[in-house]
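Below is one structure; the comments refer to it alone.
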Amino acid sequence: MGLATLLPFTRPSSARAQPHPLIATDLEVVTITDRSVIITWTTVTPDAAGRLTPVDTDAEVLLAPADSARAAVPVHADPQPTPFHYAEIDGLEPGRTYRFEAWSHGVRAIPALSVTTLSPGTPESTGEFTTLVPPPGRPLQTLALANDVHYGEEVSGLLVANVPPGVRQDIPPYPEVMLAALLDDLRRSDRGAERLLIAGDLTNEASLKDSRAVRAHLDTWGALGTDYFVVRGNHDRPHVGPDYASCLPAPADHHDCWAEAFIPRQQLIEHETGGLRLLGLDTSELDGSGGTIDRPQFDLLAERLRADPDRPTLVFGHHPVTVESGFTNLAGPGFVLNGRDSAELQALYTRSPGVFLHHSGHTHRNRRTRPDAACAVEFLEVAAVKEYPGGYSLLRLYEGGYLLNFYKTRTDAARRWSATTRSEYFGLLPDYTLGTTADRNHVVLRDFSGLR
């Protein structure tokens with residue numbers, strides 16, 4: 001969790017006796033909307049061996065407009081002791097800059113030793129944030145974008161074999177905990193999600209047991225194909241072996257258990273809601289972690305876009321698309337959609353001006369990348385549900401554009417697991433997955449006046 005070598009910043013008036021120094025660290029301004037901000041941090045203390053261990057404390061946030069001379073005042077107080085602090089402050093003014101401080105037990109929270117939060121100009125390093133200005137016009141719809149549940153996984157953070165060292169669960173199975181936290185969040189009125197789009201890797205190995213279990217969890221939230229929509233990821237692909245032999249046959253001795261719970265392989269998902277078109281792509285290879293789109297699915301996608309090129313359209317699929325994504329993810333260009341299919345897909349988007357966003361998972365990070373063709377499409381990767389930062393994005397559509405925000409899930413168990421898995425990739429996971437403030441929170445102006 002970092003900062004063991006730094007002295008905590010304590011209030012001069014604080015005289016609380018502590019057996020060990022308290023460190024309030026991992027400060028992150030995760031979500032900035034037009035009227036709210038979410039700030040998280042963790043409190044730890046060294047044990048007898050010098051290892052940092054979580055410690056329960058209170059939490060307080062102080063806030064003031066940056067253009068005001070008055071001191072920051074308390075706007076959030078959580079008397080319930082916890083090491084994993086989550087403060088959501090509402091009622092802010094759009095487009096205004098605020099000063100803030102986060103405190104626990106008389107100690108001010110500071111960022112971890114992370115480039116993402118310590119870089120010049122970040123809210124964590126400046127102690128200031130600016131709320132977004134929403135698009136003009138009436139709010140229309142809210143969709144949740146999520147991916148990478150990995151139901152059935154037992155060790156988090158592995159890239160190849162057992163490298164780097166992963167994190168084993170110390171709570172009930174963490175994919176189940178994190179999925180439950182996602183659905184709990186989306187049930188609450190303060191999120192207001194009307195549809196949920198999950199861009200692949202719902203399971204870890206696509207067993208029939210895990211596929212049915214994740215389907216059962218999702219069915220508690222709504223109906224497949226109406227309230228929530230799923231596409232397949234590389235972990236959801238057909239498998240070979242005796243554990244899969246009872247499932248639907250697939251090419252080359254593979255069997256498809258995921259299809260028995262959800263939908264067949266390489267099938268295009270189509271749905272219309274209030275004039276908005278949703279198209280889901282199965283980009284999974286039969287074997288391997290890279291992405292591909294088989295010709296029949298590609299042809300059907302082209303036919304749908306050609307028939308109505310101007311209709312506002314959101315596309316989602318597991319594998320990222322752009323060259324930039326290929327060269328900036330840890331596994332390299334072979335980890336994303338193959339170059340031939342990427343070029344054809346983006347060329348199709350140039351002839352389909354209604355396509356405005358392509359949502360992907362797979363890299364487990366928050367990142368926007370540039371298109372390689374002359375298309376006005378946002379290529380968005382959303383961090384994983386199953387590990388740090390552990391959450392989803394909300395896409396709020398207005399008549400004049402959209403507001404996009406990433407949210408961490410907030411149940412007690414989810415906050416604990418998210419803090420635990422910060423240690424993945426030798427402690428570098430936050431620098432890879434959290435993304436910049438602008439990656440996580442931004443506004444795009446666009447004409448959606450024809451939507452209902």
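Residue names in the structure tokens use chain letters A, B, ... in the order shown, residue numbers from 1 in each chain, and ligand numbers from 1 in the order shown.
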
When you look at segment 39-54 of chain A with a cut-off of 9 Å (counting only C-alpha atoms), what residues show up, excluding the ones that are within fewer than 3 positions of it in the same chain? I need them as number ranges by chain. A: 1-2, 4, 20-31, 57, 61, 82-89, 102, 104, 109-111, 419

As an MDAnalysis selection string, which residues of segment 192-380 of chain A does DSSP assign to strand (DSSP E)? chainID A and resid 195:199 228:231 248:249 255:256 269:273 276:281 313:317 355:360 367:369 378:380

Writer output for current selection, C-alpha atoms, as a compact mmCIF listing (two decimals), in the first residue's frame:
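Saved to selection.txt:
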```
# COMPACT_ATOMS: atom_id res chain seq x y z
CA ARG A 195 -29.07 -1.47 -18.87
CA LEU A 196 -25.89 -3.43 -18.11
CA LEU A 197 -23.40 -4.34 -20.86
CA ILE A 198 -20.70 -6.90 -19.93
CA ALA A 199 -17.85 -7.09 -22.42
CA TYR A 228 -28.42 -6.95 -19.43
CA PHE A 229 -26.32 -8.06 -22.40
CA VAL A 230 -23.16 -10.15 -22.55
CA VAL A 231 -20.51 -11.02 -25.10
CA LEU A 248 -22.38 -28.36 -26.90
CA PRO A 249 -19.86 -29.53 -29.51
CA HIS A 255 -17.06 -28.10 -26.33
CA ASP A 256 -18.92 -24.90 -25.53
CA ILE A 269 -25.89 -9.26 -30.28
CA GLU A 270 -28.48 -6.68 -31.35
CA HIS A 271 -30.84 -4.57 -29.28
CA GLU A 272 -32.63 -1.24 -29.59
CA THR A 273 -33.62 0.92 -26.62
CA LEU A 276 -30.20 3.72 -29.32
CA ARG A 277 -28.72 0.68 -31.08
CA LEU A 278 -26.58 -1.74 -29.05
CA LEU A 279 -24.34 -4.17 -30.97
CA GLY A 280 -22.29 -6.81 -29.16
CA LEU A 281 -19.36 -8.58 -30.86
CA THR A 313 -24.87 3.07 -31.98
CA LEU A 314 -22.78 1.67 -29.13
CA VAL A 315 -20.63 -1.38 -29.94
CA PHE A 316 -19.08 -3.59 -27.27
CA GLY A 317 -16.72 -6.54 -27.49
CA VAL A 355 -21.30 4.72 -34.09
CA PHE A 356 -20.03 6.83 -31.21
CA LEU A 357 -18.43 4.43 -28.69
CA HIS A 358 -16.71 1.04 -28.71
CA HIS A 359 -16.46 -0.49 -25.22
CA SER A 360 -13.83 -3.19 -24.54
CA ARG A 367 -8.01 3.89 -20.93
CA ARG A 368 -9.18 5.77 -24.02
CA THR A 369 -7.20 5.23 -27.21
CA GLU A 378 -14.40 6.71 -28.64
CA PHE A 379 -12.46 3.48 -28.03
CA LEU A 380 -12.87 2.86 -24.32
```

A:Phe129, A:Tyr174, A:Trp258, A:Phe426: which is nearest His239 of chain A, counting only C-alpha atoms?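 Between A:Phe129, A:Tyr174, A:Trp258, A:Phe426, the residue approaching His239 of chain A most closely is A:Trp258.
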
Here is a test: counting only C-alpha atoms, which residue of A:Gly361, A:Gly332, A:Pro136, A:Pro312 is nearest to Tyr349 of chain A?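 The answer is A:Pro312, which sits nearest to Tyr349 of chain A.
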
When you look at Leu337 of chain A with a cut-off of 10 Å (counting only C-alpha atoms), what residues show up, excluding the ones that are within fewer than 5 positions of it in the same chain? I need them as a PyMOL selection string. chain A and resi 283-285+289-293+317-323+325-326+342-343+345

Using only C-alpha atoms, can you tell me which of A:Thr350, A:Asn147, A:Thr328, A:Asn234 comes closest to Gly390 of chain A?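 Answer, going by the shortest atom-to-atom distance: A:Asn147.
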
Restricting the calculation to only C-alpha atoms, which member of A:Ala261, A:Ala180, A:Ala223, A:Leu394 is positioned closest to Leu208 of chain A?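 Among the listed residues, A:Ala261 lies closest to Leu208 of chain A.
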
I'd like the neighbourhood of Leu132 of chain A as a list in words, where a residue qualifies if any of its atoms comes within 9 Å (using only C-alpha atoms), though same-chain residues fewer than 2 positions away should be ignored. Ile32, Thr33, Asp34, Arg35, Glu93, Pro94, Gly95, Arg96, Thr130, Pro134, Leu403, Asn441, His442 and Val443 of chain A

Distance query Trp221 of chain A at most 12 Å, only C-alpha atoms, self and fewer than 2 positions along chain excluded, as a list of chain:residue names: A:Leu179, A:Ala180, A:Ala181, A:Leu182, A:Leu183, A:Asp184, A:Asp185, A:Leu186, A:Arg187, A:Arg188, A:Ala193, A:Glu194, A:Arg195, A:Leu196, A:Val214, A:Arg215, A:Ala216, A:His217, A:Leu218, A:Asp219, A:Ala223, A:Leu224, A:Thr226, A:Asp227, A:Tyr228, A:Phe229

Run DSSP on the backbone and grab whatever in segment 207-350 of chain A lands in alpha helix (DSSP H); send it over as a ChimeraX atom specification. /A:208-219,257-261,295-307,323-328,339-350

Measuring between only C-alpha atoms, which one of A:Ala414, A:Val177, A:Leu63, A:Leu268 shows the shortest distance to Glu303 of chain A? A:Leu268

Between A:Pro123, A:Pro74, A:Gly401, A:Gly241, smallest distance to Ile38 of chain A by only C-alpha atoms belongs to A:Pro123

What's the separation between atom CA of Asp412 of chain A and atom CA of Met178 of chain A, in Å to one decimal place?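 Separation between atom CA of Asp412 of chain A and atom CA of Met178 of chain A: 10.4 Å.
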
Interatomic distance between atom CA of Leu445 of chain A and atom CA of Arg311 of chain A?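 That distance, rounded to one decimal, is 16.0 Å.
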
Find the residues around Tyr425 of chain A up to 8 Å (only C-alpha atoms counted), leave out those fewer than 5 positions away in its own chain, and share them as an MDAnalysis selection string. chainID A and resid 157 164:166

To one decimal place in Å, what is the distance between atom CA of Tyr388 of chain A and atom CA of Arg422 of chain A? 5.9 Å
